[in-house]
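Asker: Below is the file coords21.tsv, with TSV, C-alpha atoms.
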chain	number	residue	atom	x	y	z
Q	13	MET	CA	-5.33	-0.95	2.75
Q	14	PRO	CA	-5.11	1.47	-0.11
Q	15	GLU	CA	-1.82	1.13	-2.00
Q	16	GLN	CA	-0.87	-1.83	0.27
Q	17	SER	CA	0.29	0.43	3.12
Q	18	SER	CA	-1.43	3.13	5.05
Q	19	SER	CA	-1.08	6.18	7.08
Q	20	THR	CA	0.05	9.63	7.86
Q	21	ASP	CA	-0.37	11.98	10.70
Q	22	THR	CA	-0.85	15.44	12.10
Q	23	SER	CA	1.25	17.94	13.99
Q	24	THR	CA	2.38	21.53	14.22
Q	25	PRO	CA	6.01	22.71	13.99
Q	26	THR	CA	8.34	23.45	16.89
Q	27	SER	CA	11.88	24.70	16.83
Q	28	THR	CA	13.95	22.31	18.98
Q	29	PRO	CA	16.47	20.27	16.98
Q	30	THR	CA	16.69	16.49	17.14
Q	31	SER	CA	19.72	14.34	17.88
Q	32	THR	CA	20.80	11.11	16.23
Q	33	PRO	CA	22.36	8.23	18.21
Q	34	THR	CA	25.98	7.73	17.23
Q	35	SER	CA	25.66	3.95	17.60
Q	36	THR	CA	23.37	3.55	14.58
Q	37	PRO	CA	23.91	4.23	10.86
Q	38	THR	CA	22.97	7.62	9.50
Q	39	SER	CA	20.41	7.93	6.70
Q	40	THR	CA	21.64	9.20	3.37
Q	41	ALA	CA	18.78	11.70	3.32
Q	42	PRO	CA	19.75	15.32	3.94
Q	43	THR	CA	18.82	17.09	7.17
Q	44	PRO	CA	15.42	18.74	6.63
Q	45	SER	CA	15.53	22.49	6.07
Q	46	THR	CA	12.57	22.92	8.47
Q	47	PRO	CA	12.03	23.41	12.20
Q	48	GLY	CA	13.39	20.51	14.21
Q	49	LEU	CA	11.85	17.89	16.42
Q	50	PRO	CA	10.94	18.39	20.08
Q	51	ALA	CA	13.68	17.94	22.66
Q	52	GLY	CA	14.22	14.40	23.87
Q	53	LEU	CA	13.47	12.70	20.56
Q	54	THR	CA	16.15	10.93	18.53
Q	55	THR	CA	16.21	9.59	14.98
Q	56	ARG	CA	17.89	6.81	13.06
Q	57	PRO	CA	17.28	4.83	9.84
Q	58	LEU	CA	15.00	1.84	10.29
Q	59	ARG	CA	16.17	-1.77	10.25
Q	60	THR	CA	14.25	-4.87	9.22
Q	61	SER	CA	14.02	-5.79	12.89
Q	62	ASP	CA	11.85	-2.67	13.37
Q	63	ALA	CA	8.96	-4.13	11.34
Q	64	HIS	CA	6.86	-5.04	14.38
Q	65	ALA	CA	7.38	-1.63	15.99
Q	66	VAL	CA	6.31	0.08	12.75
Q	67	PHE	CA	3.24	-2.14	12.60
Q	68	VAL	CA	2.27	-1.25	16.17
Q	69	LEU	CA	2.75	2.44	15.39
Q	70	MET	CA	0.69	2.35	12.18
Q	71	ALA	CA	-2.02	0.25	13.81
Q	72	ALA	CA	-2.39	2.79	16.62
Q	73	GLN	CA	-2.76	5.60	14.10
Q	74	GLU	CA	-5.33	3.73	12.00
Q	75	ALA	CA	-7.36	2.75	15.06
Q	76	GLU	CA	-7.48	6.41	16.02
Q	77	ASP	CA	-8.28	7.75	12.55
Q	78	ILE	CA	-10.63	5.16	11.00
Q	79	GLY	CA	-11.71	3.07	13.96
Q	80	GLN	CA	-10.11	-0.12	12.67
Q	81	VAL	CA	-6.69	-1.52	11.80
Q	82	ALA	CA	-6.13	-2.19	8.10
Q	83	ILE	CA	-2.36	-2.58	8.06
Q	84	GLU	CA	-0.76	-5.97	8.79
Q	85	GLU	CA	2.79	-6.64	9.84
Q	86	ALA	CA	3.13	-8.87	6.78
Q	87	ASP	CA	2.47	-5.81	4.56
Q	88	ILE	CA	5.53	-4.11	6.01
Q	89	VAL	CA	7.72	-7.22	5.91
Q	90	SER	CA	6.85	-7.96	2.27
Q	91	ASP	CA	7.53	-4.37	1.18
Q	92	TRP	CA	10.87	-4.38	2.94
Q	93	ALA	CA	11.77	-7.72	1.31
Q	94	LYS	CA	11.93	-6.14	-2.15
Q	95	PRO	CA	15.53	-6.20	-3.40
Q	96	SER	CA	15.21	-2.69	-4.83
Q	97	HIS	CA	14.25	-1.10	-1.50
Q	98	ASP	CA	17.15	0.31	0.49
Q	99	LEU	CA	15.49	0.60	3.89
Q	100	GLY	CA	18.47	2.19	5.60
Q	101	ALA	CA	18.75	4.98	3.03
Q	102	ARG	CA	15.01	5.49	2.53
Q	103	SER	CA	13.60	5.57	6.06
Q	104	VAL	CA	13.76	7.36	9.37
Q	105	GLY	CA	12.42	6.39	12.78
Q	106	VAL	CA	11.70	8.90	15.52
Q	107	PHE	CA	12.28	7.54	19.01
Q	108	GLU	CA	11.48	8.58	22.55
Q	109	GLY	CA	13.93	6.51	24.51
Q	110	GLU	CA	13.62	3.02	23.02
Q	111	ALA	CA	10.02	3.53	21.83
Q	112	LEU	CA	9.27	4.25	18.16
Q	113	VAL	CA	6.84	7.18	18.12
Q	114	ALA	CA	6.95	8.13	14.41
Q	115	TYR	CA	8.45	7.03	11.13
Q	116	ALA	CA	8.63	7.83	7.43
Q	117	GLU	CA	9.91	6.02	4.36
Q	118	LEU	CA	10.02	6.53	0.61
Q	119	MET	CA	9.63	3.58	-1.74
Q	120	GLY	CA	10.42	3.94	-5.41
Q	121	ALA	CA	10.21	7.43	-6.86
Q	122	ASP	CA	7.14	8.81	-5.13
Q	123	ARG	CA	5.39	6.48	-2.68
Q	124	ALA	CA	5.74	7.69	0.89
Q	125	ASP	CA	4.34	6.28	4.11
Q	126	THR	CA	4.39	7.95	7.51
Q	127	ALA	CA	2.84	7.53	10.93
Q	128	VAL	CA	2.93	9.36	14.26
Q	129	LEU	CA	1.71	7.89	17.53
Q	130	PRO	CA	-1.62	9.64	18.32
Q	131	SER	CA	-0.35	10.60	21.80
Q	132	HIS	CA	2.52	12.50	20.15
Q	133	ARG	CA	0.50	14.57	17.70
Q	134	GLY	CA	0.49	18.34	17.81
Q	135	ARG	CA	4.23	18.57	18.49
Q	136	GLY	CA	5.55	19.20	14.98
Q	137	ILE	CA	6.62	15.62	14.26
Q	138	GLY	CA	4.35	15.18	11.23
Q	139	THR	CA	5.53	18.44	9.72
Q	140	TRP	CA	9.16	17.45	10.25
Q	141	LEU	CA	8.57	14.07	8.58
Q	142	ALA	CA	6.82	15.69	5.61
Q	143	HIS	CA	9.80	17.95	4.98
Q	144	TRP	CA	12.24	15.09	5.59
Q	145	LEU	CA	10.49	13.14	2.84
Q	146	GLN	CA	10.61	16.11	0.46
Q	147	ASP	CA	14.34	16.54	1.03
Q	148	LEU	CA	14.90	12.82	0.49
Q	149	GLY	CA	12.80	12.92	-2.68
Q	150	ARG	CA	14.94	15.71	-4.09
Q	151	ALA	CA	18.11	13.86	-3.12
Q	152	VAL	CA	17.08	10.74	-5.07
Q	153	GLY	CA	15.76	12.68	-8.07
Q	154	SER	CA	12.00	12.41	-7.52
Q	155	SER	CA	9.83	15.04	-9.15
Q	156	VAL	CA	6.86	14.38	-6.86
Q	157	ILE	CA	6.05	12.44	-3.71
Q	158	GLY	CA	2.69	11.46	-2.28
Q	159	MET	CA	1.09	9.33	0.38
Q	160	PRO	CA	-2.32	7.85	1.25
Q	161	VAL	CA	-4.29	9.25	4.20
Q	162	PRO	CA	-7.86	8.66	5.39
Q	163	GLN	CA	-10.04	11.41	3.94
Q	164	GLY	CA	-10.73	14.11	6.52
Q	165	SER	CA	-8.24	12.68	9.02
Q	166	PRO	CA	-5.72	14.78	10.95
Q	167	GLY	CA	-3.05	13.62	8.49
Q	168	ASP	CA	-5.19	14.71	5.55
Q	169	ARG	CA	-5.66	18.16	7.07
Q	170	LEU	CA	-1.96	18.48	7.88
Q	171	LEU	CA	-0.85	17.63	4.36
Q	172	GLU	CA	-3.41	20.03	2.87
Q	173	SER	CA	-2.03	22.81	5.09
Q	174	LEU	CA	1.49	21.99	3.83
Q	175	GLY	CA	0.46	22.36	0.17
Q	176	TYR	CA	-0.18	18.71	-0.73
Q	177	HIS	CA	-3.00	18.35	-3.26
Q	178	VAL	CA	-5.25	15.33	-3.83
Q	179	ARG	CA	-3.90	13.18	-6.66
Q	180	TRP	CA	-6.54	10.45	-6.50
Q	181	THR	CA	-9.16	8.94	-4.20
Q	182	SER	CA	-9.26	5.34	-2.98
Q	183	TRP	CA	-12.00	3.26	-1.42
Q	184	VAL	CA	-11.90	0.13	0.72
Q	185	LEU	CA	-14.90	-2.02	-0.22
Q	186	LYS	CA	-16.41	-4.94	1.66
Q	187	LEU	CA	-18.75	-7.72	0.62
Q	188	PRO	CA	-21.34	-7.83	3.41
Q	189	GLU	CA	-21.18	-10.96	5.53
Q	190	GLY	CA	-23.36	-13.68	4.04
Q	191	ALA	CA	-23.54	-11.99	0.63
Q	192	THR	CA	-22.18	-13.60	-2.52
Q	193	ILE	CA	-21.05	-12.21	-5.85
Q	194	PRO	CA	-23.10	-13.50	-8.79
Q	195	GLU	CA	-21.16	-16.07	-10.77
Q	196	ARG	CA	-20.23	-15.47	-14.40
Q	197	ASP	CA	-19.63	-18.18	-16.96
Q	198	LEU	CA	-16.13	-18.12	-18.37
Q	199	PRO	CA	-15.49	-18.14	-22.12
Q	200	PRO	CA	-15.03	-21.65	-23.56
Q	201	GLY	CA	-11.68	-23.16	-22.63
Q	202	HIS	CA	-10.96	-20.70	-19.79
Q	203	VAL	CA	-10.30	-21.96	-16.27
Q	204	VAL	CA	-9.74	-20.27	-12.88
Q	205	ARG	CA	-7.24	-22.02	-10.63
Q	206	THR	CA	-4.18	-21.71	-8.41
Q	207	ALA	CA	-1.16	-20.38	-10.30
Q	208	GLU	CA	1.57	-22.89	-10.95
Q	209	PRO	CA	5.13	-21.92	-9.96
Q	210	ALA	CA	6.14	-21.64	-13.63
Q	211	GLU	CA	3.32	-19.09	-14.18
Q	212	LEU	CA	4.58	-16.56	-11.65
Q	213	ARG	CA	6.38	-14.43	-14.23
Q	214	ALA	CA	3.35	-14.45	-16.56
Q	215	ALA	CA	1.13	-13.40	-13.64
Q	216	HIS	CA	3.52	-10.54	-12.87
Q	217	ASP	CA	3.37	-9.38	-16.50
Q	218	VAL	CA	-0.45	-9.37	-16.57
Q	219	LEU	CA	-0.59	-7.35	-13.34
Q	220	GLU	CA	2.07	-4.83	-14.34
Q	221	ASP	CA	0.74	-4.34	-17.88
Q	222	ALA	CA	-2.72	-3.59	-16.48
Q	223	PHE	CA	-1.65	-1.38	-13.57
Q	224	LEU	CA	0.71	0.68	-15.72
Q	225	GLU	CA	-2.17	1.67	-17.99
Q	226	TRP	CA	-3.14	4.21	-15.33
Q	227	SER	CA	-0.39	4.23	-12.67
Q	228	VAL	CA	2.47	6.65	-13.37
Q	229	ARG	CA	5.50	4.82	-11.97
Q	230	GLU	CA	8.39	2.65	-13.01
Q	231	ARG	CA	7.63	-0.96	-13.89
Q	232	GLU	CA	8.03	-3.22	-10.87
Q	233	SER	CA	10.76	-5.77	-11.38
Q	234	PHE	CA	9.89	-9.44	-11.32
Q	235	GLU	CA	12.35	-9.88	-8.47
Q	236	ASP	CA	10.50	-7.32	-6.33
Q	237	PHE	CA	7.16	-8.93	-7.18
Q	238	GLU	CA	8.40	-12.40	-6.32
Q	239	ALA	CA	9.96	-11.28	-3.03
Q	240	ALA	CA	6.85	-9.38	-1.91
Q	241	THR	CA	4.42	-12.10	-3.03
Q	242	THR	CA	5.80	-15.57	-2.39
Q	243	GLY	CA	8.10	-14.13	0.29
Q	244	ARG	CA	5.24	-12.55	2.22
Q	245	PRO	CA	4.84	-14.09	5.70
Q	246	GLY	CA	2.01	-16.63	5.57
Q	247	PHE	CA	1.88	-16.85	1.77
Q	248	GLU	CA	0.44	-20.10	0.43
Q	249	PRO	CA	0.26	-21.12	-3.26
Q	250	TRP	CA	-3.55	-20.84	-3.35
Q	251	ASN	CA	-3.28	-17.10	-2.65
Q	252	LEU	CA	-2.29	-16.46	-6.27
Q	253	ARG	CA	-5.27	-17.15	-8.58
Q	254	VAL	CA	-5.11	-17.10	-12.38
Q	255	VAL	CA	-7.43	-17.40	-15.35
Q	256	VAL	CA	-5.84	-19.36	-18.19
Q	257	ASP	CA	-7.23	-19.54	-21.71
Q	258	ALA	CA	-7.62	-22.58	-23.94
Q	259	ASP	CA	-3.95	-22.34	-24.90
Q	260	GLY	CA	-2.82	-22.27	-21.27
Q	261	ALA	CA	-1.84	-18.58	-21.32
Q	262	VAL	CA	-2.40	-16.52	-18.14
Q	263	VAL	CA	-4.96	-13.84	-18.99
Q	264	GLY	CA	-6.19	-12.82	-15.53
Q	265	VAL	CA	-4.69	-12.68	-12.04
Q	266	SER	CA	-5.91	-12.18	-8.48
Q	267	LEU	CA	-3.78	-12.10	-5.35
Q	268	VAL	CA	-6.04	-12.88	-2.37
Q	269	LEU	CA	-4.71	-12.70	1.18
Q	270	VAL	CA	-6.12	-13.75	4.52
Q	271	SER	CA	-6.01	-10.83	6.94
Q	272	ASP	CA	-7.54	-9.53	10.17
Q	273	ASN	CA	-6.47	-12.58	12.18
Q	274	GLY	CA	-7.91	-14.93	9.60
Q	275	THR	CA	-11.38	-13.38	9.32
Q	276	THR	CA	-11.09	-11.45	6.03
Q	277	GLY	CA	-10.25	-12.46	2.49
Q	278	TYR	CA	-8.56	-9.41	0.95
Q	279	VAL	CA	-7.97	-9.12	-2.80
Q	280	ASP	CA	-4.68	-7.24	-2.90
Q	281	ARG	CA	-4.40	-7.10	-6.70
Q	282	LEU	CA	-6.68	-8.06	-9.57
Q	283	ALA	CA	-6.08	-7.59	-13.29
Q	284	VAL	CA	-7.23	-8.95	-16.64
Q	285	ARG	CA	-5.26	-8.73	-19.87
Q	286	ARG	CA	-6.59	-5.90	-22.03
Q	287	ASP	CA	-7.73	-8.10	-24.93
Q	288	GLN	CA	-9.68	-10.37	-22.55
Q	289	ARG	CA	-11.76	-7.74	-20.76
Q	290	ASN	CA	-15.55	-7.43	-20.72
Q	291	ARG	CA	-15.89	-11.21	-20.82
Q	292	GLY	CA	-16.63	-11.81	-17.14
Q	293	LEU	CA	-13.09	-12.80	-16.14
Q	294	ALA	CA	-12.71	-10.19	-13.37
Q	295	GLN	CA	-16.00	-11.17	-11.80
Q	296	ALA	CA	-15.10	-14.87	-12.04
Q	297	LEU	CA	-11.79	-14.14	-10.31
Q	298	LEU	CA	-13.60	-12.29	-7.51
Q	299	VAL	CA	-16.04	-15.16	-6.99
Q	300	ASP	CA	-13.17	-17.65	-6.94
Q	301	SER	CA	-10.91	-15.53	-4.69
Q	302	PHE	CA	-13.52	-14.93	-2.03
Q	303	ALA	CA	-14.71	-18.55	-2.17
Q	304	ARG	CA	-11.18	-19.87	-1.67
Q	305	ALA	CA	-10.68	-17.44	1.22
Q	306	ARG	CA	-13.90	-18.67	2.86
Q	307	GLU	CA	-12.61	-22.23	2.52
Q	308	HIS	CA	-9.65	-21.07	4.62
Q	309	GLY	CA	-11.84	-19.71	7.41
Q	310	THR	CA	-12.67	-16.12	6.47
Q	311	SER	CA	-16.13	-14.63	6.98
Q	312	THR	CA	-15.82	-11.29	5.16
Q	313	SER	CA	-14.26	-10.15	1.87
Q	314	GLU	CA	-12.57	-6.86	1.00
Q	315	LEU	CA	-10.56	-5.06	-1.65
Q	316	SER	CA	-9.56	-1.51	-2.51
Q	317	THR	CA	-9.71	0.46	-5.73
Q	318	ASP	CA	-9.04	4.07	-6.69
Q	319	SER	CA	-10.36	6.73	-8.99
Q	320	ARG	CA	-7.66	6.10	-11.62
Q	321	THR	CA	-9.01	2.64	-12.44
Q	322	GLY	CA	-12.67	3.44	-13.07
Q	323	ALA	CA	-13.53	0.12	-11.38
Q	324	LEU	CA	-15.57	1.41	-8.42
Q	325	GLY	CA	-18.86	0.93	-10.25
Q	326	LEU	CA	-17.98	-2.68	-11.13
Q	327	TYR	CA	-17.48	-3.62	-7.50
Q	328	GLU	CA	-20.59	-1.77	-6.35
Q	329	ARG	CA	-22.69	-3.56	-8.99
Q	330	VAL	CA	-21.67	-6.96	-7.60
Q	331	GLY	CA	-22.78	-5.95	-4.11
Q	332	MET	CA	-19.66	-4.54	-2.47
Q	333	VAL	CA	-19.98	-1.40	-0.33
Q	334	ALA	CA	-17.38	1.25	0.53
Q	335	THR	CA	-16.33	1.22	4.18
Q	336	SER	CA	-13.62	3.90	4.13
Q	337	THR	CA	-12.32	6.58	1.78
Q	338	TRP	CA	-8.69	7.58	1.38
Q	339	VAL	CA	-6.95	10.28	-0.62
Q	340	ASN	CA	-3.43	10.25	-2.00
Q	341	ARG	CA	-1.96	13.70	-1.43
Q	342	GLY	CA	1.15	14.69	-3.35
Q	343	ILE	CA	3.47	17.62	-3.76
Q	344	GLN	CA	5.67	18.63	-6.67
Q	345	LEU	CA	9.33	18.85	-5.75
Q	346	GLY	CA	11.16	21.85	-7.11
Q	347	PRO	CA	14.54	23.09	-5.92
Q	348	SER	CA	12.88	24.68	-2.90
Q	349	GLY	CA	9.93	22.31	-2.59
Q	350	ASP	CA	7.48	25.02	-3.66
Q	351	GLY	CA	4.46	24.13	-5.75
Q	352	ALA	CA	1.96	21.32	-5.32
Q	353	LEU	CA	0.29	18.95	-7.72
Kindly transcribe the structure held in the file into C-alpha cells.
Answerer:
Amino acid sequence: MPEQSSSTDTSTPTSTPTSTPTSTPTSTAPTPSTPGLPAGLTTRPLRTSDAHAVFVLMAAQEAEDIGQVAIEEADIVSDWAKPSHDLGARSVGVFEGEALVAYAELMGADRADTAVLPSHRGRGIGTWLAHWLQDLGRAVGSSVIGMPVPQGSPGDRLLESLGYHVRWTSWVLKLPEGATIPERDLPPGHVVRTAEPAELRAAHDVLEDAFLEWSVRERESFEDFEAATTGRPGFEPWNLRVVVDADGAVVGVSLVLVSDNGTTGYVDRLAVRRDQRNRGLAQALLVDSFARAREHGTSTSELSTDSRTGALGLYERVGMVATSTWVNRGIQLGPSGDGAL
C-alpha cells in the first residue's frame, strides 16, 4: 500500500452537470471549472460512516488494476481519525442512488486519493475528480497535489493525459513464503522490543525526523500520529517495535501491521536515527517485525518503499522481491492549474 492509501482511476469527460442532495452538508471546495458529471449522479462530502463504502470502492479498483486488494478498511479509518483532517471539507463522494461509485479526498497540502468503480469508468468521472482536487488544492493554498497509482494502470494513463508528471516511484515488496531475513547482531547494549507507552512520542520523533529527510511535507503532529497508530482498528501494543540503546533512548522504530485477513505482516513504517545507521538496526527491526507477525499467525511479509529513500537495494539484498510498482503523479497548481511537475 504505497503511501498508506491507494488508488486512482480512468475516465473521459462528458458535459452533463451533477446535482448535490440538499439534505447533506456542502463541501467547502469550489465547483470544478471542468465538464460536469453524467446525469443521474449526485455528490456530497464524505462522513466517517462512509469508511466501509470507500473501502469497498477502492478494493474493487485495486482488484481490477493490480489483481489483488492492498487497501484495508483500517487504513481509511486511521487516516480519518487524525485530528487535523477535516473530512467534510476535504472530500467528495459521487453517488448513483445510494451507492458510492467514486470519491476523492485531499489530506494535508498535497496528498490526494481517488477511486472510481471499474464499471463506471469511461464516463468522465475520473477527470471531474482530478479537476475537483485541483480546485480544492488552490482553495486551501496548495502549490502541488499528487496521488499514487499503479504504474501503467488506467488511472496512471488518465493522469498522464491530464498533465500529471511522475514525482517518484514506489514498490511493494514481499518476503517469499518460507524465506527468512538474515539476522544481524545489534551493537552492544541495544535491544529490540515492544515500545512502551511512554516511548510513543520518541518513536514519532524518530520516524518524522527520518522521513522528512526526503519527504517534502509539513511535519506530522504527534496527535495525528497517535490517533492513526494506537487508534487504528485492531492495533495492539506489539505492533510498534523499537530499538533502544544502552541509555534507553529510542533509536529505531518499526510499525508492523497484520493485514490481508491475518495472513500478512506489513511493515508500514521503518526508520533509524541518522547517527545510528549502517549498524544493522534496520535489518534487526525487519527480522523482529516479521517474526512477531508470524507469531500472530501471518505467513507472508511485505513492505513498501519509494525512489526517494534509496532503500530498494537494501530490501532486495535481504531477499525481498517487488510484487507491484506504483508511481506518484503530481501537478503544479497555478492560478489556472496549468503546468505540471
Asker: May I ask which of the residues Q:Asp125, Q:Asp217, Q:Glu307, Q:Glu328 is the closest one to Q:Leu145, counting only C-alpha atoms?
Answerer: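 Counting only C-alpha atoms, the residue closest to Q:Leu145 is Q:Asp125.
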Asker: Provide the atom CA of Q:Trp338 to atom CA of Q:Phe223 distance in Å, to one decimal place.
Answerer: 18.8 Å
Asker: Find the spatial neighbours of stretch 148-152 of chain Q, counting all atoms listed in the file, within a cut-off of 8 Å - ignore same-chain residues fewer than 3 positions away - and output them as number ranges by chain.
Answerer: Q: 41-42, 102, 118, 121-122, 144-145, 155-157, 345-347
Asker: Tell me which residues come within 10 Å of (-5.5, 5.8, 10.8), as a VMD selection string, counting only C-alpha atoms in the file's coordinates.
Answerer: chain Q and resid 18 to 21 70 to 83 127 to 128 130 161 to 163 165 to 167
Asker: With distances taken over all atoms listed in the file, which residue among Q:Ala261, Q:Val333, Q:Leu49, Q:Ala124 lies nearest Q:Ser313?
Answerer: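 For Q:Ser313, the nearest of the candidates is Q:Val333.
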Asker: Please measure the separation of atom CA of Q:Ala240 and atom CA of Q:Val254, giving the value in Å to one decimal.
Answerer: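 Taking atom CA of Q:Ala240 as the start and atom CA of Q:Val254 as the end point, the length is 17.7 Å.
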Asker: If I take atom CA of Q:Pro245 and atom CA of Q:Arg304, how far is one from the other in Å, to one decimal?
Answerer: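 Spanning atom CA of Q:Pro245 to atom CA of Q:Arg304 is a straight-line distance of 18.6 Å.
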Asker: Can you tell me which residues surround Q:Tyr176 at a distance of at most 12 Å, considering all atoms listed in the file, apart from same-chain residues fewer than 6 positions away, and format the answer as number ranges by chain?
Answerer: Q: 139, 142-143, 146, 156-161, 167-170, 339-345, 349-353
Asker: Find the residues around Q:Thr317 up to 7 Å (all atoms listed in the file counted), leave out those fewer than 3 positions away in its own chain, and share them as a list in words.
Answerer: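 The residues that qualify are Ser182, Trp183, Val184, Ala323 and Leu324 of chain Q.
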